[in-house]
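Q: My questions will all concern the structure given below.
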Amino acid sequence: MFKRGFLFLATNLAVLALVSIVMSILGVNPRQFGGLLIMAALFGFGGSIISLLVSKWMAKRATGAHVIETPRNEAEQWLLGTVRRQAQAAGIGMPEVAIYDAPEINAFATGANRNNALVAVSTGLLRAMSRDEAEAVLAHEVSHVANGDMVTMALLQGVLNTFVIVLSRVIGRAIDGYLGNRDGYGIGYYLGVFVLDMVFGLFASMIAMWFSRHREFRADAGGAALAGKQKMIAALERLSQTYGHSSLPKQVAAFGISGVVGNGLKRLLMSHPPLEERISALRNAQPDAGAVRQGVVA
């Protein structure tokens, strides 16, 4: 936990320092609206893009994943061969394949682009799943890579961050002006920005998680296209044994096969749809000729 917190803090401090230097060099004044837009875009996209670029490194460090370079046993050889075959079918470069120690059934994919990604599975998955079920999980993660989900999520988060920064500060100035402060940077501004950052940030998280849940259905469909519909359904049914328990770090949790569960407001902040909805969507999906290409990449 301390390691994850340190990495998160270090990344954000690096972004803050870089943005401050760039704005100083360019002579950008954040008190003007144009300067505010530039500052918001730099902050909004800066953290997301840097996190994306270092996502593989951070995921390996956070999970302690062992990348399979030379297979040590038949299971590792099977993992490499299966991912290689699926990557070729999906039209992407061969991802790195890794195993990380965790008791729950889970796996994840991450990486800055579809030809330089990482696919990792938990030791709990290898113990609990059959080869057919594990093949479907690997196909689900390869589908995330082929769909470019990591890049899309980073760009979406950057846009949402930018809107949060701009709207909270514009409204904060309006509040301060209403309270009689002509400069627009009094106590009303700072309190308004503090509260609005949290409120708008919550709504932004809801939008990002809605998109993440939508992508999860598509990754399930892609997994079915690559490994077979019945294998994907069986894998999701087996996943119910430990579903809702995830030790994955935040930056890759949305691209795991398993996510947290919740009701009410928490449901709006779930990165994964309920397991029964995912299984139902697969059962009701219509067969599609050429689905390997269309279902994974489209």
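Letters A, B, ... mark the chains of the structure tokens in the order given; residue numbers begin at 1 per chain; ligand numbers begin at 1, in order shown.
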As a PyMOL selection string, please: the residues near A:Arg218 (cut-off 12 Å, only C-alpha atoms, same-chain neighbours under 4 positions excluded).

A: chain A and resi 139-149+211-214+222-225+255+272-273+278+281-282+285+291+294-298

Q: Can you list, as a list of chain:residue names, all residues belonging to stretch 43-167 of chain A that DSSP tags as strand (DSSP E)?

A: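 Strand (DSSP E) assignments inside stretch 43-167 of chain A correspond to A:His66, A:Val67, A:Glu96, A:Val97, A:Ala98, A:Ile99, A:Tyr100, A:Ala107, A:Phe108, A:Ala109, A:Thr110, A:Gly111, A:Ala112, A:Asn113, A:Asn116, A:Ala117, A:Leu118, A:Val119, A:Ala120, A:Val121, A:Ser122.
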
Q: Pick from A:Ala107, A:Leu126, A:Leu118, A:Ala90: nearest to A:Trp78, with only C-alpha atoms counted?

A: A:Leu126

Q: From the DSSP assignment of the backbone, select every residue of stretch 93-277 of chain A that is helix (DSSP H, G or I), and format the answer as JSON, numbers by chain.

A: {"A": [123, 124, 125, 126, 127, 128, 131, 132, 133, 134, 135, 136, 137, 138, 139, 140, 141, 142, 143, 144, 145, 146, 149, 150, 151, 152, 153, 154, 155, 156, 157, 158, 159, 160, 161, 162, 163, 164, 165, 166, 167, 168, 169, 170, 171, 172, 173, 174, 175, 176, 177, 178, 187, 188, 189, 190, 191, 192, 193, 194, 195, 196, 197, 198, 199, 200, 201, 202, 203, 204, 205, 206, 207, 208, 209, 210, 211, 212, 213, 214, 215, 216, 217, 218, 219, 220, 221, 222, 223, 224, 225, 226, 227, 229, 230, 231, 232, 233, 234, 235, 236, 237, 238, 239, 250, 251, 252, 253, 265, 266, 267, 268, 275, 276, 277]}

Q: Between A:Gln230, A:Asn106, A:Ser280, A:Gln241, single out the one closest to A:Asp132, counting only C-alpha atoms.

A: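 Going through A:Gln230, A:Asn106, A:Ser280, A:Gln241 one by one, the smallest distance to A:Asp132 is for A:Gln230.
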